[in-house]
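J.: Data file my_file_13.cif (mmCIF, C-alpha atoms) is appended below.
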data_entry
loop_
_atom_site.label_atom_id
_atom_site.label_comp_id
_atom_site.auth_asym_id
_atom_site.auth_seq_id
_atom_site.Cartn_x
_atom_site.Cartn_y
_atom_site.Cartn_z
CA MET A 29 0.66 -63.00 49.93
CA MET A 30 2.63 -63.70 46.78
CA THR A 31 -0.43 -62.90 44.69
CA SER A 32 -0.86 -59.51 46.35
CA THR A 33 2.80 -58.69 45.82
CA ALA A 34 2.56 -59.62 42.15
CA GLN A 35 -0.54 -57.50 41.72
CA ALA A 36 1.12 -54.52 43.38
CA SER A 37 4.16 -54.96 41.16
CA SER A 38 1.93 -55.09 38.10
CA ILE A 39 0.13 -51.91 39.12
CA ILE A 40 3.42 -50.09 39.70
CA THR A 41 4.71 -51.26 36.32
CA LYS A 42 1.57 -50.07 34.56
CA SER A 43 1.68 -46.76 36.44
CA SER A 44 5.32 -46.26 35.46
CA SER A 45 4.48 -47.08 31.85
CA SER A 46 1.59 -44.60 31.87
CA THR A 47 3.79 -41.89 33.36
CA THR A 48 6.42 -42.50 30.69
CA SER A 49 3.74 -42.27 27.97
CA VAL A 50 2.41 -39.01 29.39
CA LEU A 51 5.89 -37.52 29.60
CA PHE A 52 6.61 -38.61 26.03
CA PHE A 53 3.35 -37.02 24.85
CA LEU A 54 4.11 -33.78 26.67
CA GLY A 55 7.59 -33.72 25.18
CA CYS A 56 6.18 -34.12 21.66
CA LEU A 57 3.55 -31.45 22.37
CA HIS A 58 6.25 -29.07 23.58
CA SER A 59 8.21 -29.64 20.37
CA VAL A 60 5.17 -28.84 18.24
CA VAL A 61 4.35 -25.68 20.22
CA LEU A 62 7.96 -24.48 20.07
CA PHE A 63 8.14 -25.15 16.33
CA ASN A 64 4.92 -23.23 15.71
CA LEU A 65 6.12 -20.34 17.89
CA VAL A 66 9.34 -20.00 15.90
CA HIS A 67 7.45 -20.37 12.61
CA VAL A 68 4.97 -17.62 13.49
CA ILE A 69 7.73 -15.24 14.60
CA GLU A 70 9.65 -15.85 11.39
CA ALA A 71 6.52 -15.38 9.26
CA GLN A 72 5.36 -12.08 10.70
CA PRO A 73 4.30 -9.53 8.05
CA LYS A 74 5.61 -5.98 7.80
CA PRO A 75 5.28 -3.66 10.83
CA ILE A 76 1.71 -2.44 11.23
CA PRO A 77 1.21 1.24 10.29
CA THR A 78 -1.15 1.76 13.21
CA PHE A 79 -2.03 5.32 12.21
CA ARG A 80 -3.79 3.92 9.12
CA TYR A 81 -6.44 2.26 11.25
CA VAL A 82 -7.79 5.22 13.19
CA PRO A 83 -10.82 7.27 12.06
CA TRP A 84 -10.24 10.18 9.72
CA ASN A 85 -11.60 12.73 12.17
CA THR A 86 -9.00 11.76 14.79
CA LEU A 87 -6.00 12.37 12.51
CA SER A 88 -3.90 15.50 12.95
CA ALA A 89 -4.35 18.33 10.47
CA PRO A 90 -0.96 17.78 8.77
CA ILE A 91 -1.72 14.09 8.16
CA ARG A 92 -5.19 14.88 6.80
CA GLN A 93 -3.68 17.51 4.53
CA ASP A 94 -1.11 15.14 2.99
CA ALA A 95 -3.59 12.28 2.83
CA GLY A 96 -6.33 14.47 1.38
CA ASP A 97 -4.59 16.93 -0.91
CA VAL A 98 -1.99 14.56 -2.34
CA LEU A 99 -3.24 10.99 -1.86
CA GLY A 100 -6.89 11.71 -2.58
CA TYR A 101 -8.38 10.63 0.72
CA ASN A 102 -11.48 11.96 2.39
CA ARG A 103 -13.34 10.63 5.41
CA LYS A 104 -15.22 7.96 3.48
CA LYS A 105 -12.16 6.66 1.63
CA TRP A 106 -9.88 6.71 4.67
CA ASP A 107 -12.39 5.05 6.99
CA ASN A 108 -12.98 2.23 4.50
CA PRO A 109 -9.59 0.60 3.79
CA GLY A 110 -9.37 -0.83 0.30
CA LYS A 111 -11.80 1.66 -1.24
CA ALA A 112 -9.40 4.45 -2.22
CA LYS A 113 -8.18 4.39 -5.82
CA ILE A 114 -4.60 5.06 -4.77
CA GLU A 115 -4.48 1.82 -2.77
CA GLU A 116 -4.64 -0.06 -6.07
CA ASP A 117 -1.09 1.10 -6.83
CA SER A 118 2.15 -0.29 -5.48
CA PHE A 119 4.55 2.20 -3.94
CA GLN A 120 6.68 2.10 -7.07
CA LYS A 121 3.70 3.13 -9.21
CA LEU A 122 2.98 6.21 -7.09
CA LYS A 123 3.99 9.60 -8.41
CA ALA A 124 6.95 11.27 -6.73
CA GLU A 125 4.76 13.67 -4.77
CA GLU A 126 2.50 10.79 -3.70
CA GLN A 127 5.46 8.81 -2.45
CA LYS A 128 6.67 11.84 -0.53
CA ALA A 129 3.25 12.34 1.07
CA ALA A 130 2.96 8.64 1.94
CA ILE A 131 6.34 8.76 3.66
CA ALA A 132 5.43 12.00 5.44
CA ILE A 133 2.40 10.44 7.10
CA GLY A 134 4.35 7.36 8.17
CA PHE A 135 4.44 4.76 5.39
CA THR A 136 7.51 3.06 3.96
CA LYS A 137 7.68 1.26 0.63
CA ASP A 138 7.30 -2.09 2.38
CA THR A 139 4.37 -1.10 4.60
CA TRP A 140 2.57 0.57 1.68
CA ASP A 141 2.93 -2.46 -0.57
CA CYS A 142 1.78 -4.87 2.13
CA TRP A 143 -0.81 -3.03 4.24
CA GLN A 144 -2.20 -0.68 1.58
CA ASN A 145 -1.87 -2.61 -1.68
CA HIS A 146 -1.55 -6.16 -0.31
CA TYR A 147 0.81 -6.85 -3.25
CA MET A 148 -2.14 -6.80 -5.66
CA ASP A 149 -0.35 -4.47 -8.09
CA MET A 150 2.67 -6.78 -8.38
CA ALA A 151 3.49 -9.10 -11.26
CA TRP A 152 3.45 -12.79 -10.34
CA GLY A 153 7.22 -12.92 -10.75
CA ASP A 154 7.52 -10.13 -8.18
CA LEU A 155 5.34 -12.09 -5.76
CA GLU A 156 7.68 -15.05 -6.14
CA THR A 157 10.72 -12.83 -5.60
CA LEU A 158 9.13 -11.42 -2.44
CA GLN A 159 8.22 -14.97 -1.38
CA VAL A 160 4.53 -14.14 -0.96
CA SER A 161 3.09 -16.01 -3.96
CA GLN A 162 2.67 -19.04 -1.70
CA TYR A 163 0.11 -17.14 0.36
CA PHE A 164 -1.99 -16.27 -2.68
CA GLU A 165 -1.85 -19.89 -3.77
CA LYS A 166 -3.69 -20.84 -0.57
CA PHE A 167 -6.73 -19.11 -2.07
CA GLY A 168 -6.40 -20.80 -5.45
CA TRP A 169 -4.47 -18.10 -7.25
CA THR A 170 -2.17 -19.31 -10.03
CA GLN A 171 0.09 -17.32 -12.31
CA GLN A 172 -2.45 -17.66 -15.11
CA LEU A 173 -5.39 -16.45 -13.00
CA TRP A 174 -3.25 -13.60 -11.66
CA GLU A 175 -2.25 -12.42 -15.12
CA TRP A 176 -5.82 -12.73 -16.40
CA GLU A 177 -7.13 -10.97 -13.27
CA GLU A 178 -9.63 -13.77 -12.60
CA GLU A 179 -10.23 -14.07 -8.88
CA PRO A 180 -10.64 -17.56 -7.41
CA LYS A 181 -13.91 -18.13 -5.53
CA SER A 182 -12.23 -18.33 -2.14
CA TRP A 183 -10.93 -14.77 -2.54
CA ASP A 184 -14.49 -13.49 -1.96
CA LYS A 185 -15.16 -15.49 1.21
CA ASP A 186 -15.78 -13.76 4.51
CA TRP A 187 -13.08 -14.12 7.14
CA ASN A 188 -15.09 -16.64 9.15
CA GLU A 189 -15.40 -18.82 6.04
CA LEU A 190 -11.65 -19.09 5.53
CA ASN A 191 -9.79 -22.18 6.68
CA ASP A 192 -6.79 -21.96 9.02
CA ASP A 193 -4.25 -21.99 6.18
CA GLN A 194 -6.07 -19.18 4.40
CA ILE A 195 -6.30 -17.08 7.56
CA MET A 196 -2.55 -17.47 8.09
CA ALA A 197 -1.95 -16.61 4.43
CA ALA A 198 -4.19 -13.53 4.61
CA THR A 199 -2.27 -12.37 7.68
CA GLN A 200 1.02 -12.61 5.81
CA ILE A 201 -0.25 -10.31 3.06
CA CYS A 202 -1.28 -7.82 5.74
CA TYR A 203 -4.98 -8.45 6.14
CA PHE A 204 -6.82 -8.91 9.39
CA GLU A 205 -10.47 -9.72 9.88
CA GLN A 206 -11.81 -6.17 9.65
CA THR A 207 -9.84 -5.20 6.55
CA TRP A 208 -10.51 -8.52 4.85
CA ASN A 209 -14.25 -8.05 5.42
CA GLU A 210 -13.97 -4.41 4.27
CA GLU A 211 -15.43 -3.04 7.49
CA GLU A 212 -15.49 0.67 8.28
CA ILE A 213 -12.93 1.95 10.77
CA THR A 214 -14.29 2.84 14.20
CA ASN A 215 -12.66 4.02 17.41
CA GLN A 216 -12.73 0.42 18.66
CA TRP A 217 -10.13 -0.53 16.05
CA ILE A 218 -7.47 1.18 18.17
CA ASP A 219 -7.81 -1.39 20.95
CA PHE A 220 -7.87 -4.23 18.45
CA ILE A 221 -4.70 -3.04 16.68
CA ASN A 222 -2.96 -2.57 20.03
CA ALA A 223 -3.85 -6.12 21.03
CA MET A 224 -2.74 -7.49 17.68
CA VAL A 225 0.76 -6.02 17.95
CA GLU A 226 1.17 -6.10 21.73
CA THR A 227 3.14 -9.33 21.84
CA ASP A 228 5.70 -7.93 19.40
CA ALA A 229 6.16 -4.61 21.20
CA PRO A 230 9.72 -3.91 22.38
CA THR A 231 10.04 -3.43 26.12
CA GLU A 232 12.25 -0.39 25.65
CA ALA A 233 12.77 1.64 22.50
CA PRO A 234 16.46 2.10 21.58
CA THR A 235 17.45 5.69 22.33
CA GLU A 236 19.57 6.07 19.20
CA ALA A 237 16.82 5.01 16.79
CA PRO A 238 14.70 7.78 15.22
CA SER A 239 10.94 7.67 15.65
CA PRO A 240 9.29 5.82 12.75
CA PHE A 241 6.59 8.52 12.48
CA PRO A 242 6.61 12.34 12.16
CA SER A 243 6.35 14.42 15.30
CA PHE A 244 2.76 15.26 14.47
CA TYR A 245 1.74 11.60 14.77
CA PRO A 246 -1.43 11.43 16.95
CA SER A 247 -0.33 11.07 20.55
CA THR A 248 -3.24 8.78 21.39
CA ILE A 249 -2.09 6.09 18.96
CA PRO A 250 0.84 3.78 19.74
CA PRO A 251 3.88 3.89 17.45
CA ALA A 252 4.43 1.33 14.74
CA ILE A 253 5.64 -1.97 16.06
CA SER A 254 8.70 -3.71 14.71
CA THR A 255 8.33 -7.41 14.05
CA SER A 256 10.19 -9.81 16.26
CA ASN A 257 13.54 -11.13 15.16
CA PRO A 258 13.72 -14.92 15.38
CA SER A 259 17.37 -14.67 16.39
CA GLU A 260 16.28 -12.87 19.55
CA ILE A 261 14.18 -15.76 20.89
CA PRO A 262 15.37 -16.21 24.51
CA SER A 263 18.08 -18.82 24.80
CA THR A 264 16.33 -20.19 27.87
CA ILE A 265 13.56 -21.83 25.83
CA PRO A 266 14.09 -25.55 26.45
CA THR A 267 14.83 -27.81 23.54
CA VAL A 268 13.47 -31.26 23.06
#
Render the structure in this file as structure tokens.
T.:
Amino acid sequence: MMTSTAQASSIITKSSSSTTSVLFFLGCLHSVVLFNLVHVIEAQPKPIPTFRYVPWNTLSAPIRQDAGDVLGYNRKKWDNPGKAKIEEDSFQKLKAEEQKAAIAIGFTKDTWDCWQNHYMDMAWGDLETLQVSQYFEKFGWTQQLWEWEEEPKSWDKDWNELNDDQIMAATQICYFEQTWNEEEITNQWIDFINAMVETDAPTEAPTEAPSPFPSFYPSTIPPAISTSNPSEIPSTIPTV
């Protein structure tokens, strides 16, 4: 009888120890997940100019006029991001009329430099000031290679060949898989862009804030999405 009692006590002790270990593991896992969530929110790139990723033939006439007559776009250049000559220039390098046209169709200086130029027209010192040089370094860029315009080998990899750090870095300089791989825009991009920004979409737009796009913005495309503010993370998230 004593032996059975001792065995039962041992089993209970081991069970309690296992439960404690599991709870400890789950607590550590929660801490990691919460840390990564906050990190991702803080590291979000500039708001996505969703209108840029719809086919040329679906744009409104005013947008096509500004994009075509002033910015030099046509169907082939618009539907293949990264191919237009003007995308090689930072917003600051654009002529006054080009800046005006870019703003008219929905860009800002920040969204142009990130989503159109991907900071490629910046000096290395400017990348450091903007705190984006670290993302280029993930691909092997150094100040010397940047100034000599010598691309590291990893810069030419396909998206599925990038490691996790490089994918995160590419995201922060406003690439996603289709633009990194230089794919042609199709109507299916609309659903992809919507899904990509859906988690950051505000539940209700503030009534006093002006629309970020002109009134002729295509009604079938969702408005640009503002990135989440880390300070607005719900206070109810448990801490560990």
J.: Return as JSON, numbers by chain the set of residues that the PyMOL selection byres ((chain A and resi 103) around 8) yields on the displayed structure.
T.: {"A": [83, 84, 85, 101, 102, 104, 105, 106, 107]}
J.: Report the residues retrieved by the PyMOL selection byres ((chain A and resi 212-214) around 10) from the displayed file, expressed as a PyMOL selection string.
T.: chain A and resi 80-84+104-109+206-207+209-211+215-218
J.: When distances are computed from only C-alpha atoms, which of A:Lys181, A:Gln194, A:Glu115, A:Leu122 shows the smallest separation from Tyr163 in chain A?
T.: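 That would be A:Gln194, the residue with the smallest distance to Tyr163 in chain A.
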J.: Can you list what the PyMOL selection byres ((chain A and resi 185) around 12) grabs from this structure, as a list of chain:residue names?
T.: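 Selection result, ordered by chain and number: A:Phe167, A:Glu179, A:Pro180, A:Lys181, A:Ser182, A:Trp183, A:Asp184, A:Asp186, A:Trp187, A:Asn188, A:Glu189, A:Leu190, A:Asn191, A:Gln194, A:Ile195, A:Ala198, A:Glu205, A:Trp208, A:Asn209, A:Glu210.
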J.: Quote the spacing between CA of Asp141 in chain A and CA of Ala89 in chain A in Å to one decimal place.
T.: 24.6 Å
J.: Grab the CA of Leu87 in chain A to CA of Pro75 in chain A distance for me, in Å with one decimal place.
T.: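 Taking CA of Leu87 in chain A as the start and CA of Pro75 in chain A as the end point, the length is 19.7 Å.
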J.: One decimal, Å: what's the distance from CA of Thr199 in chain A over to CA of Asp219 in chain A, could you say?
T.: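 Value for the CA of Thr199 in chain A-CA of Asp219 in chain A distance: 18.1 Å.
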J.: Which of these, A:Lys113, A:Asp94, A:Asp138, A:Gly168, has the shortest distance to Glu125 in chain A once you count all atoms listed in the file?
T.: A:Asp94
J.: Rank nothing, just name the residue among A:Val160, A:Ala151, A:Ile221, A:Ala129 nearest to Ala197 in chain A, using only C-alpha atoms.
T.: A:Val160
